[in-house]
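Quick look at work_7.cif (mmCIF, C-alpha atoms and all ligand atoms):
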```
data_model
#
loop_
_atom_site.group_PDB
_atom_site.id
_atom_site.type_symbol
_atom_site.label_atom_id
_atom_site.label_comp_id
_atom_site.auth_asym_id
_atom_site.auth_seq_id
_atom_site.Cartn_x
_atom_site.Cartn_y
_atom_site.Cartn_z
ATOM 1 C CA MET P 1 -31.861 -6.136 66.892
ATOM 2 C CA THR P 2 -34.045 -5.431 63.854
ATOM 3 C CA ILE P 3 -34.935 -1.768 63.319
ATOM 4 C CA ILE P 4 -38.601 -1.456 62.321
ATOM 5 C CA VAL P 5 -39.394 1.393 59.945
ATOM 6 C CA GLU P 6 -42.734 2.422 58.456
ATOM 7 C CA THR P 7 -41.845 5.552 56.462
ATOM 8 C CA ILE P 8 -39.735 6.054 53.340
ATOM 9 C CA ALA P 9 -37.985 9.079 54.909
ATOM 10 C CA THR P 10 -36.754 7.071 57.932
ATOM 11 C CA LEU P 11 -35.772 4.161 55.699
ATOM 12 C CA ARG P 12 -33.688 6.448 53.472
ATOM 13 C CA ALA P 13 -31.994 8.150 56.434
ATOM 14 C CA GLN P 14 -30.927 4.769 57.857
ATOM 15 C CA VAL P 15 -29.664 3.384 54.533
ATOM 16 C CA GLN P 16 -27.764 6.629 53.861
ATOM 17 C CA ALA P 17 -26.109 6.358 57.282
ATOM 18 C CA TRP P 18 -24.962 2.815 56.426
ATOM 19 C CA ARG P 19 -23.679 3.981 53.058
ATOM 20 C CA ALA P 20 -21.703 6.779 54.733
ATOM 21 C CA GLU P 21 -19.943 4.019 56.708
ATOM 22 C CA GLY P 22 -19.132 2.235 53.406
ATOM 23 C CA LEU P 23 -21.499 -0.684 54.109
ATOM 24 C CA LYS P 24 -23.058 -2.817 51.368
ATOM 25 C CA VAL P 25 -26.866 -3.091 51.539
ATOM 26 C CA ALA P 26 -29.110 -5.960 50.370
ATOM 27 C CA LEU P 27 -32.895 -5.967 50.026
ATOM 28 C CA VAL P 28 -35.264 -8.937 50.258
ATOM 29 C CA PRO P 29 -38.763 -7.836 49.182
ATOM 30 C CA THR P 30 -41.571 -9.929 50.724
ATOM 31 C CA MET P 31 -45.289 -9.840 51.377
ATOM 32 C CA GLY P 32 -44.793 -11.316 54.865
ATOM 33 C CA ALA P 33 -46.211 -14.660 56.075
ATOM 34 C CA LEU P 34 -42.545 -15.621 56.240
ATOM 35 C CA HIS P 35 -41.471 -19.257 55.911
ATOM 36 C CA ASP P 36 -38.150 -21.073 55.579
ATOM 37 C CA GLY P 37 -37.988 -20.144 51.878
ATOM 38 C CA HIS P 38 -37.910 -16.437 52.790
ATOM 39 C CA ILE P 39 -35.318 -17.049 55.507
ATOM 40 C CA SER P 40 -33.049 -18.692 52.921
ATOM 41 C CA LEU P 41 -33.273 -15.481 50.820
ATOM 42 C CA MET P 42 -32.222 -13.461 53.867
ATOM 43 C CA ARG P 43 -29.298 -15.817 54.482
ATOM 44 C CA ALA P 44 -28.201 -15.354 50.857
ATOM 45 C CA ALA P 45 -28.474 -11.568 51.320
ATOM 46 C CA LEU P 46 -26.521 -11.589 54.601
ATOM 47 C CA GLU P 47 -23.735 -13.658 53.002
ATOM 48 C CA ARG P 48 -23.242 -10.983 50.339
ATOM 49 C CA ALA P 49 -23.920 -7.688 52.122
ATOM 50 C CA ASP P 50 -23.168 -5.942 55.413
ATOM 51 C CA ARG P 51 -26.766 -4.909 56.030
ATOM 52 C CA CYS P 52 -30.005 -6.678 55.097
ATOM 53 C CA VAL P 53 -33.309 -4.830 54.645
ATOM 54 C CA VAL P 54 -36.523 -6.885 54.379
ATOM 55 C CA SER P 55 -39.701 -5.212 53.161
ATOM 56 C CA ILE P 56 -43.048 -6.602 54.277
ATOM 57 C CA PHE P 57 -45.850 -5.188 52.162
ATOM 58 C CA VAL P 58 -48.878 -6.999 50.753
ATOM 59 C CA ASN P 59 -48.998 -5.147 47.442
ATOM 60 C CA PRO P 60 -52.633 -4.556 46.402
ATOM 61 C CA ARG P 61 -51.570 -3.715 42.833
ATOM 62 C CA GLN P 62 -50.565 -7.306 42.072
ATOM 63 C CA PHE P 63 -53.918 -8.807 43.101
ATOM 64 C CA ALA P 64 -56.914 -8.905 40.754
ATOM 65 C CA PRO P 65 -60.283 -8.054 42.345
ATOM 66 C CA THR P 66 -61.135 -11.786 42.293
ATOM 67 C CA GLU P 67 -57.911 -12.821 44.092
ATOM 68 C CA ASP P 68 -57.010 -13.371 47.738
ATOM 69 C CA LEU P 69 -55.828 -9.868 48.822
ATOM 70 C CA ASP P 70 -58.124 -9.724 51.865
ATOM 71 C CA LYS P 71 -57.409 -13.215 53.048
ATOM 72 C CA TYR P 72 -53.694 -13.218 52.182
ATOM 73 C CA PRO P 73 -51.998 -14.368 55.441
ATOM 74 C CA ARG P 74 -50.860 -11.443 57.611
ATOM 75 C CA GLN P 75 -48.801 -12.171 60.761
ATOM 76 C CA LEU P 76 -46.567 -9.165 61.363
ATOM 77 C CA ALA P 77 -45.562 -9.894 64.992
ATOM 78 C CA GLN P 78 -44.511 -13.444 64.087
ATOM 79 C CA ASP P 79 -42.675 -12.195 60.966
ATOM 80 C CA LEU P 80 -40.746 -9.561 62.942
ATOM 81 C CA ALA P 81 -39.625 -12.232 65.434
ATOM 82 C CA ARG P 82 -38.355 -14.375 62.541
ATOM 83 C CA LEU P 83 -36.468 -11.409 61.054
ATOM 84 C CA ALA P 84 -34.793 -10.702 64.391
ATOM 85 C CA ALA P 85 -33.799 -14.372 64.747
ATOM 86 C CA ALA P 86 -32.397 -14.361 61.188
ATOM 87 C CA GLY P 87 -30.204 -11.326 61.954
ATOM 88 C CA VAL P 88 -32.002 -8.956 59.563
ATOM 89 C CA HIS P 89 -30.992 -5.349 60.257
ATOM 90 C CA LEU P 90 -34.097 -3.460 59.127
ATOM 91 C CA ALA P 91 -37.745 -4.345 58.486
ATOM 92 C CA PHE P 92 -39.570 -1.895 56.230
ATOM 93 C CA THR P 93 -43.298 -2.279 56.928
ATOM 94 C CA PRO P 94 -45.063 0.606 55.177
ATOM 95 C CA GLY P 95 -48.822 1.058 55.081
ATOM 96 C CA VAL P 96 -50.664 1.182 51.769
ATOM 97 C CA ASP P 97 -50.873 5.017 51.856
ATOM 98 C CA GLU P 98 -47.113 5.319 52.292
ATOM 99 C CA VAL P 99 -46.477 3.275 49.146
ATOM 100 C CA TYR P 100 -49.450 4.493 47.109
ATOM 101 C CA PRO P 101 -50.375 7.976 48.328
ATOM 102 C CA LYS P 102 -53.776 9.356 47.330
ATOM 103 C CA GLY P 103 -53.794 10.119 43.611
ATOM 104 C CA PHE P 104 -50.996 7.646 42.751
ATOM 105 C CA ALA P 105 -51.239 7.235 38.963
ATOM 106 C CA THR P 106 -48.078 5.568 37.657
ATOM 107 C CA SER P 107 -47.553 1.996 36.574
ATOM 108 C CA ILE P 108 -44.635 0.105 35.071
ATOM 109 C CA ALA P 109 -45.374 -2.462 32.378
ATOM 110 C CA VAL P 110 -42.621 -4.959 31.648
ATOM 111 C CA GLY P 111 -42.619 -6.926 28.382
ATOM 112 C CA GLY P 112 -40.324 -9.770 27.342
ATOM 113 C CA PRO P 113 -40.358 -12.506 29.999
ATOM 114 C CA SER P 114 -43.744 -11.402 31.328
ATOM 115 C CA ALA P 115 -45.449 -12.761 28.172
ATOM 116 C CA GLY P 116 -47.694 -15.790 28.719
ATOM 117 C CA LEU P 117 -47.511 -18.220 31.683
ATOM 118 C CA GLU P 118 -48.752 -16.205 34.736
ATOM 119 C CA THR P 119 -49.828 -13.252 32.581
ATOM 120 C CA ALA P 120 -52.296 -15.419 30.653
ATOM 121 C CA PHE P 121 -54.157 -16.026 33.937
ATOM 122 C CA ARG P 122 -53.258 -12.898 35.964
ATOM 123 C CA PRO P 123 -52.990 -10.128 33.343
ATOM 124 C CA ALA P 124 -52.184 -7.244 35.737
ATOM 125 C CA PHE P 125 -49.893 -9.231 38.041
ATOM 126 C CA PHE P 126 -46.455 -8.330 36.691
ATOM 127 C CA ASP P 127 -47.300 -4.641 36.181
ATOM 128 C CA GLY P 128 -48.174 -4.591 39.896
ATOM 129 C CA VAL P 129 -44.995 -6.459 40.835
ATOM 130 C CA ALA P 130 -42.773 -4.295 38.590
ATOM 131 C CA THR P 131 -44.296 -1.090 39.960
ATOM 132 C CA VAL P 132 -43.794 -1.989 43.619
ATOM 133 C CA VAL P 133 -40.337 -3.508 43.060
ATOM 134 C CA ALA P 134 -39.193 -0.386 41.145
ATOM 135 C CA LYS P 135 -40.474 1.768 44.017
ATOM 136 C CA LEU P 136 -38.709 -0.404 46.612
ATOM 137 C CA PHE P 137 -35.455 -0.278 44.626
ATOM 138 C CA ILE P 138 -35.686 3.529 44.462
ATOM 139 C CA GLN P 139 -36.650 3.814 48.152
ATOM 140 C CA VAL P 140 -33.986 1.464 49.527
ATOM 141 C CA ALA P 141 -31.347 1.908 46.771
ATOM 142 C CA PRO P 142 -29.803 -1.482 47.634
ATOM 143 C CA ASP P 143 -26.617 -2.845 46.066
ATOM 144 C CA LEU P 144 -28.330 -6.176 45.568
ATOM 145 C CA ALA P 145 -31.754 -7.750 45.928
ATOM 146 C CA VAL P 146 -32.594 -11.422 46.419
ATOM 147 C CA PHE P 147 -35.659 -13.139 44.914
ATOM 148 C CA GLY P 148 -36.723 -16.778 45.096
ATOM 149 C CA GLU P 149 -36.424 -19.002 42.028
ATOM 150 C CA LYS P 150 -39.781 -20.446 43.033
ATOM 151 C CA ASP P 151 -41.402 -17.396 41.391
ATOM 152 C CA TYR P 152 -39.208 -17.927 38.371
ATOM 153 C CA GLN P 153 -41.099 -15.725 35.915
ATOM 154 C CA GLN P 154 -41.123 -12.920 38.508
ATOM 155 C CA LEU P 155 -37.342 -13.252 38.883
ATOM 156 C CA CYS P 156 -36.892 -12.919 35.085
ATOM 157 C CA VAL P 157 -39.273 -9.931 34.994
ATOM 158 C CA VAL P 158 -37.368 -8.149 37.786
ATOM 159 C CA LYS P 159 -34.016 -8.764 36.063
ATOM 160 C CA LYS P 160 -35.454 -7.329 32.843
ATOM 161 C CA LEU P 161 -36.887 -4.328 34.743
ATOM 162 C CA CYS P 162 -33.412 -3.519 36.077
ATOM 163 C CA ARG P 163 -31.735 -3.940 32.695
ATOM 164 C CA ASP P 164 -34.317 -1.878 30.824
ATOM 165 C CA LEU P 165 -34.559 0.973 33.368
ATOM 166 C CA ASP P 166 -30.829 0.958 34.233
ATOM 167 C CA LEU P 167 -31.615 0.364 37.892
ATOM 168 C CA PRO P 168 -28.210 -0.252 39.513
ATOM 169 C CA VAL P 169 -29.296 -3.274 41.569
ATOM 170 C CA ASP P 170 -27.722 -6.698 41.260
ATOM 171 C CA VAL P 171 -30.681 -9.135 41.191
ATOM 172 C CA LEU P 172 -29.882 -12.557 42.584
ATOM 173 C CA GLY P 173 -32.088 -15.663 42.228
ATOM 174 C CA SER P 174 -31.965 -18.037 45.187
ATOM 175 C CA PRO P 175 -32.872 -21.761 44.935
ATOM 176 C CA THR P 176 -36.349 -22.928 45.973
ATOM 177 C CA VAL P 177 -36.661 -24.383 49.470
ATOM 178 C CA ARG P 178 -38.785 -27.558 49.560
ATOM 179 C CA ASP P 179 -40.306 -29.828 52.186
ATOM 180 C CA ALA P 180 -39.123 -33.450 52.504
ATOM 181 C CA GLU P 181 -41.540 -34.477 49.716
ATOM 182 C CA GLY P 182 -40.384 -31.749 47.342
ATOM 183 C CA LEU P 183 -43.261 -29.283 47.789
ATOM 184 C CA ALA P 184 -41.981 -25.743 47.255
ATOM 185 C CA MET P 185 -42.401 -23.528 50.356
ATOM 186 C CA SER P 186 -45.094 -20.919 49.770
ATOM 187 C CA SER P 187 -47.186 -18.668 52.002
ATOM 188 C CA ARG P 188 -50.221 -20.083 50.185
ATOM 189 C CA ASN P 189 -49.442 -23.644 51.397
ATOM 190 C CA ALA P 190 -51.133 -22.467 54.614
ATOM 191 C CA TYR P 191 -54.466 -22.755 52.747
ATOM 192 C CA LEU P 192 -54.028 -26.506 52.060
ATOM 193 C CA SER P 193 -55.945 -29.163 54.017
ATOM 194 C CA PRO P 194 -53.947 -32.322 54.985
ATOM 195 C CA ALA P 195 -55.491 -34.211 52.031
ATOM 196 C CA GLU P 196 -54.636 -31.361 49.636
ATOM 197 C CA LEU P 197 -51.086 -31.221 51.010
ATOM 198 C CA ALA P 198 -50.526 -34.864 49.993
ATOM 199 C CA ILE P 199 -51.737 -34.034 46.459
ATOM 200 C CA ALA P 200 -49.664 -30.827 46.280
ATOM 201 C CA GLN P 201 -46.546 -32.836 47.124
ATOM 202 C CA GLN P 202 -46.900 -34.702 43.804
ATOM 203 C CA LEU P 203 -46.429 -31.548 41.713
ATOM 204 C CA ASN P 204 -42.663 -31.329 41.886
ATOM 205 C CA LYS P 205 -42.283 -35.061 41.179
ATOM 206 C CA VAL P 206 -44.258 -34.641 37.932
ATOM 207 C CA LEU P 207 -42.155 -31.649 36.915
ATOM 208 C CA ARG P 208 -38.886 -33.435 37.600
ATOM 209 C CA LYS P 209 -40.003 -36.387 35.494
ATOM 210 C CA ALA P 210 -40.975 -34.061 32.625
ATOM 211 C CA ALA P 211 -37.653 -32.197 32.808
ATOM 212 C CA SER P 212 -35.617 -35.403 32.759
ATOM 213 C CA SER P 213 -37.646 -36.722 29.801
ATOM 214 C CA LEU P 214 -36.930 -33.501 27.869
ATOM 215 C CA GLN P 215 -33.247 -33.720 28.794
ATOM 216 C CA ALA P 216 -33.241 -37.305 27.464
ATOM 217 C CA GLY P 217 -34.646 -36.082 24.122
ATOM 218 C CA ALA P 218 -38.385 -36.831 24.510
ATOM 219 C CA GLU P 219 -40.779 -34.941 22.244
ATOM 220 C CA GLU P 220 -41.880 -31.720 23.995
ATOM 221 C CA LYS P 221 -45.590 -31.651 23.144
ATOM 222 C CA ALA P 222 -46.190 -35.239 24.267
ATOM 223 C CA THR P 223 -44.090 -34.743 27.416
ATOM 224 C CA MET P 224 -46.104 -31.674 28.420
ATOM 225 C CA ALA P 225 -49.385 -33.497 27.710
ATOM 226 C CA ASP P 226 -48.217 -36.394 29.922
ATOM 227 C CA ALA P 227 -47.247 -33.954 32.685
ATOM 228 C CA ARG P 228 -50.653 -32.226 32.527
ATOM 229 C CA LYS P 229 -52.414 -35.591 32.773
ATOM 230 C CA ALA P 230 -50.199 -36.716 35.684
ATOM 231 C CA ILE P 231 -50.984 -33.497 37.613
ATOM 232 C CA LEU P 232 -54.729 -34.013 37.124
ATOM 233 C CA ASP P 233 -54.419 -37.737 37.985
ATOM 234 C CA ALA P 234 -52.628 -36.745 41.218
ATOM 235 C CA GLY P 235 -55.800 -34.869 42.247
ATOM 236 C CA PHE P 236 -55.358 -31.260 41.114
ATOM 237 C CA ASP P 237 -58.582 -29.656 39.845
ATOM 238 C CA THR P 238 -57.116 -27.733 36.899
ATOM 239 C CA VAL P 239 -53.760 -26.995 35.301
ATOM 240 C CA ASP P 240 -53.401 -23.357 34.213
ATOM 241 C CA TYR P 241 -50.192 -24.133 32.339
ATOM 242 C CA VAL P 242 -47.311 -26.553 32.228
ATOM 243 C CA GLU P 243 -44.718 -25.392 29.722
ATOM 244 C CA ALA P 244 -41.037 -25.616 28.839
ATOM 245 C CA ARG P 245 -39.287 -22.267 28.362
ATOM 246 C CA GLU P 246 -35.762 -20.939 27.830
ATOM 247 C CA SER P 247 -34.239 -20.149 31.212
ATOM 248 C CA LEU P 248 -33.109 -16.541 30.615
ATOM 249 C CA THR P 249 -35.674 -15.063 28.214
ATOM 250 C CA LEU P 250 -38.608 -17.428 28.896
ATOM 251 C CA ALA P 251 -39.005 -17.765 25.111
ATOM 252 C CA PRO P 252 -40.231 -21.214 23.947
ATOM 253 C CA TRP P 253 -37.679 -23.855 24.901
ATOM 254 C CA GLN P 254 -35.301 -25.164 22.225
ATOM 255 C CA MET P 255 -34.175 -28.790 22.433
ATOM 256 C CA ASN P 256 -30.757 -29.267 24.164
ATOM 257 C CA SER P 257 -30.722 -25.779 25.697
ATOM 258 C CA ASP P 258 -30.970 -24.579 29.319
ATOM 259 C CA GLY P 259 -34.592 -24.264 30.299
ATOM 260 C CA ARG P 260 -37.276 -24.540 32.909
ATOM 261 C CA VAL P 261 -40.505 -26.481 33.102
ATOM 262 C CA LEU P 262 -42.989 -24.105 34.735
ATOM 263 C CA VAL P 263 -46.397 -24.965 36.141
ATOM 264 C CA ALA P 264 -49.442 -23.387 37.769
ATOM 265 C CA ALA P 265 -52.212 -25.680 38.974
ATOM 266 C CA ARG P 266 -55.259 -25.264 41.166
ATOM 267 C CA LEU P 267 -56.245 -27.426 44.103
ATOM 268 C CA GLY P 268 -59.432 -26.447 45.906
ATOM 269 C CA LYS P 269 -59.094 -22.739 46.685
ATOM 270 C CA THR P 270 -55.313 -22.755 46.331
ATOM 271 C CA ARG P 271 -53.272 -21.999 43.233
ATOM 272 C CA LEU P 272 -49.740 -23.414 43.330
ATOM 273 C CA ILE P 273 -46.801 -22.588 41.079
ATOM 274 C CA ASP P 274 -43.461 -24.331 40.724
ATOM 275 C CA ASN P 275 -40.647 -24.857 38.226
ATOM 276 C CA VAL P 276 -37.630 -27.083 37.714
ATOM 277 C CA GLU P 277 -34.488 -26.784 35.648
ATOM 278 C CA ILE P 278 -33.924 -28.493 32.291
ATOM 279 C CA ALA P 279 -30.149 -28.833 31.990
ATOM 280 C CA ALA P 280 -28.692 -28.333 28.501
ATOM 281 C CA SER P 281 -27.320 -31.530 27.022
HETATM 282 O O1 LIG E 301 -42.795 -12.455 45.627
HETATM 283 C C1 LIG E 301 -43.412 -11.654 46.364
HETATM 284 O O2 LIG E 301 -43.596 -11.880 47.551
HETATM 285 C C2 LIG E 301 -43.932 -10.359 45.761
HETATM 286 O O3 LIG E 301 -44.376 -10.544 44.456
HETATM 287 C C3 LIG E 301 -42.934 -9.187 45.853
HETATM 288 C C4 LIG E 301 -41.675 -9.458 45.036
HETATM 289 C C5 LIG E 301 -42.552 -8.952 47.305
HETATM 290 C C6 LIG E 301 -43.561 -7.905 45.307
HETATM 291 O O4 LIG E 301 -44.709 -7.551 46.015
#
```
Encoded form (structure tokens):
Amino acid sequence: MTIIVETIATLRAQVQAWRAEGLKVALVPTMGALHDGHISLMRAALERADRCVVSIFVNPRQFAPTEDLDKYPRQLAQDLARLAAAGVHLAFTPGVDEVYPKGFATSIAVGGPSAGLETAFRPAFFDGVATVVAKLFIQVAPDLAVFGEKDYQQLCVVKKLCRDLDLPVDVLGSPTVRDAEGLAMSSRNAYLSPAELAIAQQLNKVLRKAASSLQAGAEEKATMADARKAILDAGFDTVDYVEARESLTLAPWQMNSDGRVLVAARLGKTRLIDNVEIAAS
């Protein structure tokens, strides 16, 4: 049975009771609209901890006024059924006023890996993510937290947040779950029409080709230009970025080192992101 909790006080009381029993607690922060990718994060959490807390909160502070906050998919009853089936122990589903009470005036700004990529197109995004994740870490006080590698820059930002603020949470990245064609699972895939879905499924193929070219020693600038062209040729409307970065710091990628090719591209009303590994040679 999944305990459903809406207030920070009740959440804390429950987690403290588990701690008193010596149990290890994991947190999976989500914005709901749960899909198989989220369930894989919960499985990773349950393998490593005795109790798994999942937060469901569509965080207004990480949406720009022009973005899809109002139409972001919300399906709480369905999500709670999935959490129960996955064996999650507690769902934290606070309202906006519980997380950001009237007069809330604090924000966390993370540097380092937040530079460029998403930030160039969504300048306030990572401050919003860092603020809510810091609050969740303080509220839940988990031993570990699991984030998807699909949002790779977010994962690096959260790791940096913990290091810089000495938050005692072990942050684990979990591999991206994909459909049979390689499309990364995302709540925003729900916006895609069948024709757009077929185009979206090309994205990962382009990234994998770019990563293997870089691994084989191809010149970076030309490889990225080819990847951008291939994404547009597949039918995407625009490419926000397609770049190779170092895997830990997200600094510009150096030949022969571990890295990631990261992309954001727009298709109709949907913006998709993805990334693949560049293995060091
Ligand atoms: O990845 C997400 O769903 C969100 O950015 C997160 C980490 C739950 C913070 O709101």
Expected selection as a ChimeraX atom specification for ligand LIG 301 (chain E) within 6 Å, all atoms listed in the file: /P:29-31,59,129,133
Shell around Arg82 (chain P) at 12 Å using all atoms listed in the file, local window under 2 positions removed, as a ChimeraX atom specification: /P:1-2,32-36,38-40,42,54,75-80,84-89,91
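With all atoms listed in the file taken into account, the protein and nucleic acid residues at most 7 Å from Thr93 (chain P) (excluding it and anything under 6 positions from it in its own chain) are Val5, Glu6, Ser55, Ile56 and Phe57 of chain P.
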Taking C-alpha atoms for each residue, export the selection above as an mmCIF file, keeping the file's coordinate frame.
```cif
data_model
loop_
_atom_site.group_PDB
_atom_site.id
_atom_site.type_symbol
_atom_site.label_atom_id
_atom_site.label_comp_id
_atom_site.auth_asym_id
_atom_site.auth_seq_id
_atom_site.Cartn_x
_atom_site.Cartn_y
_atom_site.Cartn_z
ATOM 1 C CA VAL P 5 -39.394 1.393 59.945
ATOM 2 C CA GLU P 6 -42.734 2.422 58.456
ATOM 3 C CA SER P 55 -39.701 -5.212 53.161
ATOM 4 C CA ILE P 56 -43.048 -6.602 54.277
ATOM 5 C CA PHE P 57 -45.850 -5.188 52.162
#
```
For the structure shown, which residues end up in the PyMOL selection byres (((chain P and resi 272) around 10) and not hetatm)? Put them as a PDB file with C-alpha atoms, keeping the file's coordinate frame, please?
```pdb
ATOM      1  CA  LEU P 183     -43.261 -29.283  47.789  1.00  0.00           C
ATOM      2  CA  ALA P 184     -41.981 -25.743  47.255  1.00  0.00           C
ATOM      3  CA  SER P 186     -45.094 -20.919  49.770  1.00  0.00           C
ATOM      4  CA  ARG P 188     -50.221 -20.083  50.185  1.00  0.00           C
ATOM      5  CA  ASN P 189     -49.442 -23.644  51.397  1.00  0.00           C
ATOM      6  CA  ALA P 200     -49.664 -30.827  46.280  1.00  0.00           C
ATOM      7  CA  LEU P 203     -46.429 -31.548  41.713  1.00  0.00           C
ATOM      8  CA  PHE P 236     -55.358 -31.260  41.114  1.00  0.00           C
ATOM      9  CA  VAL P 239     -53.760 -26.995  35.301  1.00  0.00           C
ATOM     10  CA  ASP P 240     -53.401 -23.357  34.213  1.00  0.00           C
ATOM     11  CA  VAL P 263     -46.397 -24.965  36.141  1.00  0.00           C
ATOM     12  CA  ALA P 264     -49.442 -23.387  37.769  1.00  0.00           C
ATOM     13  CA  ALA P 265     -52.212 -25.680  38.974  1.00  0.00           C
ATOM     14  CA  ARG P 266     -55.259 -25.264  41.166  1.00  0.00           C
ATOM     15  CA  LEU P 267     -56.245 -27.426  44.103  1.00  0.00           C
ATOM     16  CA  LYS P 269     -59.094 -22.739  46.685  1.00  0.00           C
ATOM     17  CA  THR P 270     -55.313 -22.755  46.331  1.00  0.00           C
ATOM     18  CA  ARG P 271     -53.272 -21.999  43.233  1.00  0.00           C
ATOM     19  CA  ILE P 273     -46.801 -22.588  41.079  1.00  0.00           C
ATOM     20  CA  ASP P 274     -43.461 -24.331  40.724  1.00  0.00           C
TER      21      ASP P 274
END
```
Option closest in space to Val169 (chain P), from P:Lys209, P:Leu155, P:Pro142, P:Pro60 [counting only C-alpha atoms]: P:Pro142
All residues 12 Å or closer to Arg19 (chain P), all atoms listed in the file, same chain fewer than 3 positions away omitted, as JSON, numbers by chain: {"P": [12, 13, 14, 15, 16, 22, 23, 24, 25, 26, 49, 50, 51, 140, 141, 142, 143]}
Non-local contacts of Ser281 (chain P) (8 Å; all atoms listed in the file; under 3 positions in same chain excluded) as a PyMOL selection string: chain P and resi 215+256-257
Distance criterion (all atoms listed in the file): nearest to Ala218 (chain P) out of P:Val171, P:Met185, P:Ala198, P:Met255: P:Met255
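Among the candidate residues P:Gly259, P:Pro113, P:Pro101, P:Gly148, the one lying nearest to Ala279 (chain P) is P:Gly259, with distances computed using all atoms listed in the file.
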Two-atom distance - CA of Asp237 (chain P), CA of Gly268 (chain P) (Å): 6.9 Å
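The residues that lie within 12 Å of the point (-47.5, 8.3, 54.7), counting only C-alpha atoms, are Val5, Glu6, Thr7, Ile8, Ala9, Thr10, Thr93, Pro94, Gly95, Val96, Asp97, Glu98, Val99, Tyr100, Pro101 and Lys102 of chain P.
With CA of Ala81 (chain P) on one side and CA of Val158 (chain P) on the other, the separation reads 28.0 Å.
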Long-range neighbours of region 205-208 of chain P as a ChimeraX atom specification, 12 Å cut-off, only C-alpha atoms, 2 positions minimum in chain: /P:178,180-184,199-203,210-215,223-234,241-244,260-265,273-279
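Using all atoms listed in the file, the nearest neighbour of Ala64 (chain P) within the list P:Ala124, P:Ala134, P:Leu90, P:Ala195 is P:Ala124.
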Gap from CA of Gly173 (chain P) to CA of Lys160 (chain P) - Å, one decimal: 13.0 Å
Residue among P:Val177, P:Ile4, P:Ile108, P:Val58 lying closest to Glu149 (chain P), counting all atoms listed in the file: P:Val177
Assuming 4 Å of padding per side, give the centre and edge lengths of the axis-aligned box around every listed atom of region 75-84 of chain P, in Å to one decimal and as AutoDock Vina command-line options.
```
--center_x -41.8 --center_y -11.8 --center_z 63.1 --size_x 22.0 --size_y 13.2 --size_z 12.7
```
